[in-house]
Amino acid sequence: MKRLLPTSTAGSLPKPSWLAESEQLWSPWKLQDDQLIEGKQDALRVSLQEQQQAGIDIVSDGEQTRQHFVTTFIEHLSGVDFEKRETVRIRDRYEASVPTVTGPVSRPTSVFVEDAKFLRSQTDQPIKWALPGPMTMVDTLYDDHYKSRKELAWEFAKILNQEAKELEAVGIDIIQFDEPAFNVFFDEVNEWGISCLEKAIEGLNCETVVHICYGYGIKANTDWKKSLGSEWRQYEEVFPKLQKSNIEIISLECHNSRVPIELLELIRGKKVMVGAIDVASNTVETPEEVAATLREALQYVDADRLYPCTNCGMAPLSREVAQGKLNALRAGAQIVRRELLA
Ligand code: ZN
């Protein structure tokens, strides 16, 4: 990116109400068959336009074609039985009924490549595409085959690498892996989580991101956050090893969080997508609030390595609030850009 402080979003954006129920995760589709395919493409166009109108520099599909950032990817794989369900604790936070890994996992066909091609055909702007990370995928399944989180994650890493290479080939500029599980299983992150990520990006020439957040603004996550005390130091556990990894960009939750901003010192030298928009609140930030978060981050991140972003996806918000937040992100980045160039 030649532009100073290029803005982007962490991932999902609200879906139009004609496509899916508004303001919820896992929202069921309202269309079927060919109408659904067309509806998803139309929603992608609208979501792109909303980002463009807000002046977002690095755009995405807003995850309009996916029901959920992890599940939709896994649904396309073989070796996972969605009928056979077990209850597990997700991210050590809440119980959920999840599908079972019943055999070797593989990716019979591309998952998002057609969607990515479509997005590429709609814009010349830089595009970022999000995929789930291997550890987060493992954490949303019951494994009755490998019986090893590490082994299953490694298999997912190989599958993600195949998908990522195809996304790169159709013109995706930045590929992001969503790893909220990195904020929970520190020992595993350091033992194998980061190596799996490096496997997922092996041989890629495009830029790569790992997104580590405190989750969507849903109740299970906000309750969990309340239990974390006055300082959230989770990042401290994984930053030293991430700093030494091949991942180029680290996407983080910062604004309105209790993450001590000085933890960014531990990833000095990396590019950082700084979350300057709170996705767990319906209050739209003022441009000045966004600017204040970015200024704080600039103490630890060189200006040419700082990417203003949202804390996480905005799928559960209303379209109006999400649009307001995108506008605030652009305006806040613009304030700081002017200061840097003055
Ligand atoms: Zn997130």
# chains A, B, ... in the order shown; residues from 1 in each chain; ligands from 1

$ residues_near_ligand --ligand "ligand 1" --cutoff "10 Å" --atoms "only C-alpha atoms and all ligand atoms" --output "list in words"
Ala10, Gly11, Ser12, Phe69, Asp178, Glu179, Pro180, Ala181, His211, Ile212, Cys213, Tyr214, Gly215, Tyr216, Gly217, Ser251, Leu252, Glu253, Gly275, Val279, Thr310, Asn311, Cys312, Gly313 and Met314 of chain A

$ write_last_selection --atoms "N, CA and C atoms" --output "compact mmCIF listing (two decimals), in the first residue's frame"
# COMPACT_ATOMS: atom_id res chain seq x y z
N ALA A 10 -12.09 -5.69 9.72
CA ALA A 10 -11.59 -7.01 10.13
C ALA A 10 -12.23 -8.12 9.31
N GLY A 11 -13.46 -7.91 8.85
CA GLY A 11 -14.09 -8.99 8.08
C GLY A 11 -15.54 -8.73 7.77
N SER A 12 -16.42 -9.38 8.53
CA SER A 12 -17.83 -9.38 8.14
C SER A 12 -18.48 -8.01 8.29
N PHE A 69 -18.03 -17.34 9.79
CA PHE A 69 -16.64 -17.28 9.29
C PHE A 69 -15.89 -18.59 9.40
N ASP A 178 -8.30 -15.78 10.57
CA ASP A 178 -8.94 -15.36 11.81
C ASP A 178 -8.63 -16.37 12.90
N GLU A 179 -7.92 -15.92 13.92
CA GLU A 179 -7.53 -16.82 15.01
C GLU A 179 -7.91 -16.26 16.39
N PRO A 180 -9.22 -16.06 16.65
CA PRO A 180 -9.59 -15.63 18.00
C PRO A 180 -9.14 -16.64 19.07
N ALA A 181 -8.97 -17.91 18.66
CA ALA A 181 -8.54 -18.93 19.63
C ALA A 181 -7.13 -18.64 20.17
N HIS A 211 -5.62 -12.34 12.35
CA HIS A 211 -6.53 -11.49 13.12
C HIS A 211 -6.80 -12.16 14.46
N ILE A 212 -6.42 -11.47 15.53
CA ILE A 212 -6.61 -12.01 16.88
C ILE A 212 -7.44 -11.01 17.68
N CYS A 213 -8.65 -11.43 18.05
CA CYS A 213 -9.54 -10.46 18.67
C CYS A 213 -10.18 -11.07 19.92
N TYR A 214 -11.05 -10.30 20.52
CA TYR A 214 -11.81 -10.79 21.68
C TYR A 214 -13.24 -11.12 21.25
N GLY A 215 -13.44 -11.26 19.95
CA GLY A 215 -14.70 -11.80 19.43
C GLY A 215 -15.75 -10.76 19.06
N TYR A 216 -16.76 -11.25 18.39
CA TYR A 216 -17.92 -10.44 18.03
C TYR A 216 -18.57 -9.86 19.29
N GLY A 217 -19.40 -8.85 19.11
CA GLY A 217 -20.08 -8.25 20.25
C GLY A 217 -21.31 -9.04 20.68
N SER A 251 -3.54 -8.29 13.13
CA SER A 251 -4.77 -7.50 13.27
C SER A 251 -5.30 -7.67 14.68
N LEU A 252 -5.49 -6.53 15.37
CA LEU A 252 -5.76 -6.57 16.81
C LEU A 252 -6.94 -5.72 17.23
N GLU A 253 -7.51 -6.10 18.38
CA GLU A 253 -8.55 -5.30 19.01
C GLU A 253 -7.89 -4.27 19.93
N GLY A 275 -7.26 -2.07 15.65
CA GLY A 275 -8.71 -1.96 15.80
C GLY A 275 -9.08 -0.64 16.46
N VAL A 279 -16.71 -3.05 17.96
CA VAL A 279 -17.84 -3.72 17.29
C VAL A 279 -18.87 -4.24 18.30
N THR A 310 -11.15 -2.22 12.08
CA THR A 310 -12.17 -2.41 13.12
C THR A 310 -11.66 -3.49 14.09
N ASN A 311 -12.20 -3.53 15.30
CA ASN A 311 -11.75 -4.53 16.27
C ASN A 311 -12.03 -5.95 15.81
N CYS A 312 -13.18 -6.13 15.14
CA CYS A 312 -13.60 -7.46 14.70
C CYS A 312 -14.64 -7.25 13.60
N GLY A 313 -15.35 -8.31 13.25
CA GLY A 313 -16.38 -8.20 12.23
C GLY A 313 -17.60 -7.43 12.75
N MET A 314 -18.39 -6.87 11.82
CA MET A 314 -19.56 -6.08 12.21
C MET A 314 -20.87 -6.74 11.81

$ residues_around --residues "Val138 in chain A" --least-positions-apart "3" --cutoff "10 Å" --atoms "only C-alpha atoms" --output "mmCIF file with N, CA and C atoms, in the first residue's frame"
data_model
loop_
_atom_site.group_PDB
_atom_site.id
_atom_site.type_symbol
_atom_site.label_atom_id
_atom_site.label_comp_id
_atom_site.auth_asym_id
_atom_site.auth_seq_id
_atom_site.Cartn_x
_atom_site.Cartn_y
_atom_site.Cartn_z
ATOM 1 N N VAL A 70 -16.279 -19.469 10.309
ATOM 2 C CA VAL A 70 -15.603 -20.772 10.415
ATOM 3 C C VAL A 70 -16.428 -21.866 9.736
ATOM 4 N N ILE A 90 -16.537 -24.018 23.396
ATOM 5 C CA ILE A 90 -15.819 -23.270 22.374
ATOM 6 C C ILE A 90 -15.014 -22.158 23.017
ATOM 7 N N VAL A 101 -15.520 -34.627 13.394
ATOM 8 C CA VAL A 101 -14.528 -35.086 12.416
ATOM 9 C C VAL A 101 -14.541 -36.606 12.469
ATOM 10 N N GLY A 133 -8.596 -19.472 10.844
ATOM 11 C CA GLY A 133 -7.273 -20.037 11.136
ATOM 12 C C GLY A 133 -7.391 -21.478 11.584
ATOM 13 N N PRO A 134 -6.311 -22.258 11.433
ATOM 14 C CA PRO A 134 -6.367 -23.694 11.774
ATOM 15 C C PRO A 134 -6.800 -23.960 13.219
ATOM 16 N N MET A 135 -6.274 -23.204 14.166
ATOM 17 C CA MET A 135 -6.608 -23.489 15.565
ATOM 18 C C MET A 135 -8.069 -23.179 15.867
ATOM 19 N N LEU A 141 -14.978 -27.940 16.505
ATOM 20 C CA LEU A 141 -15.353 -29.289 16.077
ATOM 21 C C LEU A 141 -15.118 -30.300 17.199
ATOM 22 N N TYR A 142 -15.800 -31.456 17.083
ATOM 23 C CA TYR A 142 -15.479 -32.592 17.930
ATOM 24 C C TYR A 142 -14.667 -33.555 17.075
ATOM 25 N N ASP A 143 -13.487 -33.922 17.533
ATOM 26 C CA ASP A 143 -12.587 -34.736 16.713
ATOM 27 C C ASP A 143 -12.612 -36.190 17.157
ATOM 28 N N SER A 148 -6.270 -35.542 18.091
ATOM 29 C CA SER A 148 -5.131 -34.681 18.428
ATOM 30 C C SER A 148 -5.401 -33.316 17.813
ATOM 31 N N ARG A 149 -5.505 -32.297 18.656
ATOM 32 C CA ARG A 149 -5.776 -30.947 18.142
ATOM 33 C C ARG A 149 -4.661 -30.495 17.208
ATOM 34 N N LYS A 150 -3.441 -30.856 17.584
ATOM 35 C CA LYS A 150 -2.291 -30.437 16.786
ATOM 36 C C LYS A 150 -2.316 -31.065 15.390
ATOM 37 N N GLU A 151 -2.603 -32.367 15.347
ATOM 38 C CA GLU A 151 -2.625 -33.052 14.050
ATOM 39 C C GLU A 151 -3.737 -32.541 13.153
ATOM 40 N N LEU A 152 -4.914 -32.352 13.755
ATOM 41 C CA LEU A 152 -6.050 -31.853 12.975
ATOM 42 C C LEU A 152 -5.753 -30.442 12.457
ATOM 43 N N ALA A 153 -5.148 -29.616 13.302
ATOM 44 C CA ALA A 153 -4.807 -28.254 12.885
ATOM 45 C C ALA A 153 -3.820 -28.273 11.723
ATOM 46 N N TRP A 154 -2.874 -29.179 11.762
ATOM 47 C CA TRP A 154 -1.882 -29.290 10.691
ATOM 48 C C TRP A 154 -2.559 -29.665 9.373
ATOM 49 N N PHE A 156 -5.685 -29.019 8.601
ATOM 50 C CA PHE A 156 -6.423 -27.822 8.180
ATOM 51 C C PHE A 156 -5.469 -26.786 7.575
ATOM 52 N N ALA A 181 -8.966 -17.906 18.664
ATOM 53 C CA ALA A 181 -8.535 -18.929 19.630
ATOM 54 C C ALA A 181 -7.128 -18.638 20.167
#

$ closest_residue --among "A:Asp144, A:Asp302, A:Asp92, A:Glu231" --to "Val80 in chain A" --atoms "only C-alpha atoms"
A:Asp144

$ residues_around --residues "range 30-33 of chain A" --least-positions-apart "3" --cutoff "9 Å" --atoms "only C-alpha atoms" --output "ChimeraX atom specification"
/A:17-21,36-39

$ residues_around --residues "Trp129 in chain A" --least-positions-apart "6" --cutoff "7 Å" --atoms "only C-alpha atoms" --output "PyMOL selection string"
chain A and resi 60+172+174-176

$ atom_distance --atom1 "CA of Leu131 in chain A" --atom2 "CA of Ala164 in chain A"
8.3 Å

$ closest_residue --among "A:Thr283, A:Ser227, A:Gln334, A:Asn246" --to "Ala322 in chain A" --atoms "only C-alpha atoms"
A:Thr283

$ atom_distance --atom1 "CA of Lys158 in chain A" --atom2 "CA of Leu77 in chain A"
12.4 Å

$ atom_distance --atom1 "CA of Pro316 in chain A" --atom2 "CA of Asn183 in chain A"
21.1 Å

$ select_by_dssp --residues "range 225-332 of chain A" --states "helix (DSSP H, G or I)" --output "number ranges by chain"
A: 225-226, 234-243, 261-267, 287-297, 303-305, 319-332

$ write_last_selection --atoms "C-alpha atoms" --output "PDB file, in the first residue's frame"
ATOM      1  CA  LYS A 225     -14.505  -9.937  28.688  1.00  0.00           C
ATOM      2  CA  LYS A 226     -16.027  -8.889  32.008  1.00  0.00           C
ATOM      3  CA  GLN A 234      -3.600 -12.137  26.533  1.00  0.00           C
ATOM      4  CA  TYR A 235      -1.619 -10.729  23.606  1.00  0.00           C
ATOM      5  CA  GLU A 236       1.495 -10.676  25.740  1.00  0.00           C
ATOM      6  CA  GLU A 237       1.580 -14.487  25.728  1.00  0.00           C
ATOM      7  CA  VAL A 238       1.714 -14.926  21.959  1.00  0.00           C
ATOM      8  CA  PHE A 239       3.274 -11.713  20.630  1.00  0.00           C
ATOM      9  CA  PRO A 240       6.937 -12.654  21.179  1.00  0.00           C
ATOM     10  CA  LYS A 241       6.653 -15.737  18.978  1.00  0.00           C
ATOM     11  CA  LEU A 242       4.371 -14.018  16.448  1.00  0.00           C
ATOM     12  CA  GLN A 243       6.931 -11.244  16.132  1.00  0.00           C
ATOM     13  CA  ILE A 261      -1.450  -0.486  24.193  1.00  0.00           C
ATOM     14  CA  GLU A 262       2.218  -0.820  25.162  1.00  0.00           C
ATOM     15  CA  LEU A 263       1.960  -4.552  24.405  1.00  0.00           C
ATOM     16  CA  LEU A 264       2.361  -3.491  20.761  1.00  0.00           C
ATOM     17  CA  GLU A 265       6.040  -2.989  21.569  1.00  0.00           C
ATOM     18  CA  LEU A 266       6.331  -6.798  21.568  1.00  0.00           C
ATOM     19  CA  ILE A 267       5.533  -6.941  17.835  1.00  0.00           C
ATOM     20  CA  PRO A 287     -13.470  10.673  14.179  1.00  0.00           C
ATOM     21  CA  GLU A 288     -11.506  12.202  17.054  1.00  0.00           C
ATOM     22  CA  GLU A 289     -11.905   9.009  19.150  1.00  0.00           C
ATOM     23  CA  VAL A 290     -10.612   6.935  16.243  1.00  0.00           C
ATOM     24  CA  ALA A 291      -7.708   9.360  15.819  1.00  0.00           C
ATOM     25  CA  ALA A 292      -6.853   9.113  19.531  1.00  0.00           C
ATOM     26  CA  THR A 293      -6.554   5.309  19.328  1.00  0.00           C
ATOM     27  CA  LEU A 294      -4.380   5.549  16.224  1.00  0.00           C
ATOM     28  CA  ARG A 295      -2.120   8.152  17.852  1.00  0.00           C
ATOM     29  CA  GLU A 296      -1.591   5.870  20.837  1.00  0.00           C
ATOM     30  CA  ALA A 297      -0.699   2.972  18.565  1.00  0.00           C
ATOM     31  CA  ALA A 303       3.375   5.116  10.539  1.00  0.00           C
ATOM     32  CA  ASP A 304       4.064   3.243   7.307  1.00  0.00           C
ATOM     33  CA  ARG A 305       3.173  -0.015   9.070  1.00  0.00           C
ATOM     34  CA  ARG A 319     -26.356  -1.542   8.617  1.00  0.00           C
ATOM     35  CA  GLU A 320     -26.802   2.041   9.721  1.00  0.00           C
ATOM     36  CA  VAL A 321     -24.476   1.698  12.710  1.00  0.00           C
ATOM     37  CA  ALA A 322     -21.891  -0.222  10.663  1.00  0.00           C
ATOM     38  CA  GLN A 323     -21.949   2.459   7.965  1.00  0.00           C
ATOM     39  CA  GLY A 324     -21.483   5.158  10.606  1.00  0.00           C
ATOM     40  CA  LYS A 325     -18.514   3.270  12.018  1.00  0.00           C
ATOM     41  CA  LEU A 326     -16.907   2.888   8.578  1.00  0.00           C
ATOM     42  CA  ASN A 327     -17.278   6.631   8.017  1.00  0.00           C
ATOM     43  CA  ALA A 328     -15.727   7.333  11.437  1.00  0.00           C
ATOM     44  CA  LEU A 329     -12.803   5.047  10.626  1.00  0.00           C
ATOM     45  CA  ARG A 330     -12.097   6.892   7.391  1.00  0.00           C
ATOM     46  CA  ALA A 331     -12.457  10.326   9.011  1.00  0.00           C
ATOM     47  CA  GLY A 332     -10.305   9.403  12.032  1.00  0.00           C
TER      48      GLY A 332
END

$ closest_atom_pairs --of "range 106-166 of chain A" --to "range 62-65 of chain A" --cutoff "9 Å" --atoms "only C-alpha atoms" --output "CSV"
residue,atom,partner,partner_atom,distance
A:Phe112,CA,A:Thr65,CA,8.8
A:Asp115,CA,A:Thr65,CA,7.6
A:Trp129,CA,A:Glu63,CA,8.8
A:Ala130,CA,A:Glu63,CA,8.2

$ write_last_selection --atoms "N, CA and C atoms" --output "CSV table (one decimal), in the first residue's frame"
chain,number,residue,atom,x,y,z
A,112,PHE,N,-14.0,-20.6,-1.7
A,112,PHE,CA,-14.4,-19.2,-1.9
A,112,PHE,C,-13.8,-18.6,-3.2
A,115,ASP,N,-16.3,-16.7,-5.4
A,115,ASP,CA,-16.7,-15.5,-4.8
A,115,ASP,C,-15.6,-14.4,-4.9
A,129,TRP,N,-9.0,-10.9,1.9
A,129,TRP,CA,-10.0,-12.0,2.0
A,129,TRP,C,-9.7,-12.7,3.3
A,130,ALA,N,-10.7,-13.0,4.1
A,130,ALA,CA,-10.5,-13.7,5.4
A,130,ALA,C,-10.8,-15.2,5.3

$ closest_residue --among "A:Val210, A:Ile277, A:Val272, A:Leu119" --to "Lys40 in chain A" --atoms "only C-alpha atoms"
A:Leu119

$ decode --residues "range 59-77 of chain A" --atoms "C-alpha atoms" --output "compact mmCIF listing (two decimals), in the first residue's frame"
# COMPACT_ATOMS: atom_id res chain seq x y z
CA VAL A 59 -12.03 -3.61 0.65
CA SER A 60 -13.54 -7.06 1.19
CA ASP A 61 -16.62 -9.10 0.35
CA GLY A 62 -18.05 -8.22 3.78
CA GLU A 63 -18.46 -12.01 4.08
CA GLN A 64 -21.84 -11.70 2.36
CA THR A 65 -21.69 -15.22 0.94
CA ARG A 66 -20.99 -16.91 4.28
CA GLN A 67 -23.26 -17.75 7.13
CA HIS A 68 -20.37 -17.95 9.59
CA PHE A 69 -16.64 -17.28 9.29
CA VAL A 70 -15.60 -20.77 10.42
CA THR A 71 -18.55 -23.06 9.69
CA THR A 72 -19.08 -22.08 6.07
CA PHE A 73 -15.50 -23.04 5.24
CA ILE A 74 -15.72 -26.36 7.09
CA GLU A 75 -19.03 -27.22 5.38
CA HIS A 76 -17.11 -27.51 2.11
CA LEU A 77 -14.62 -30.06 3.44
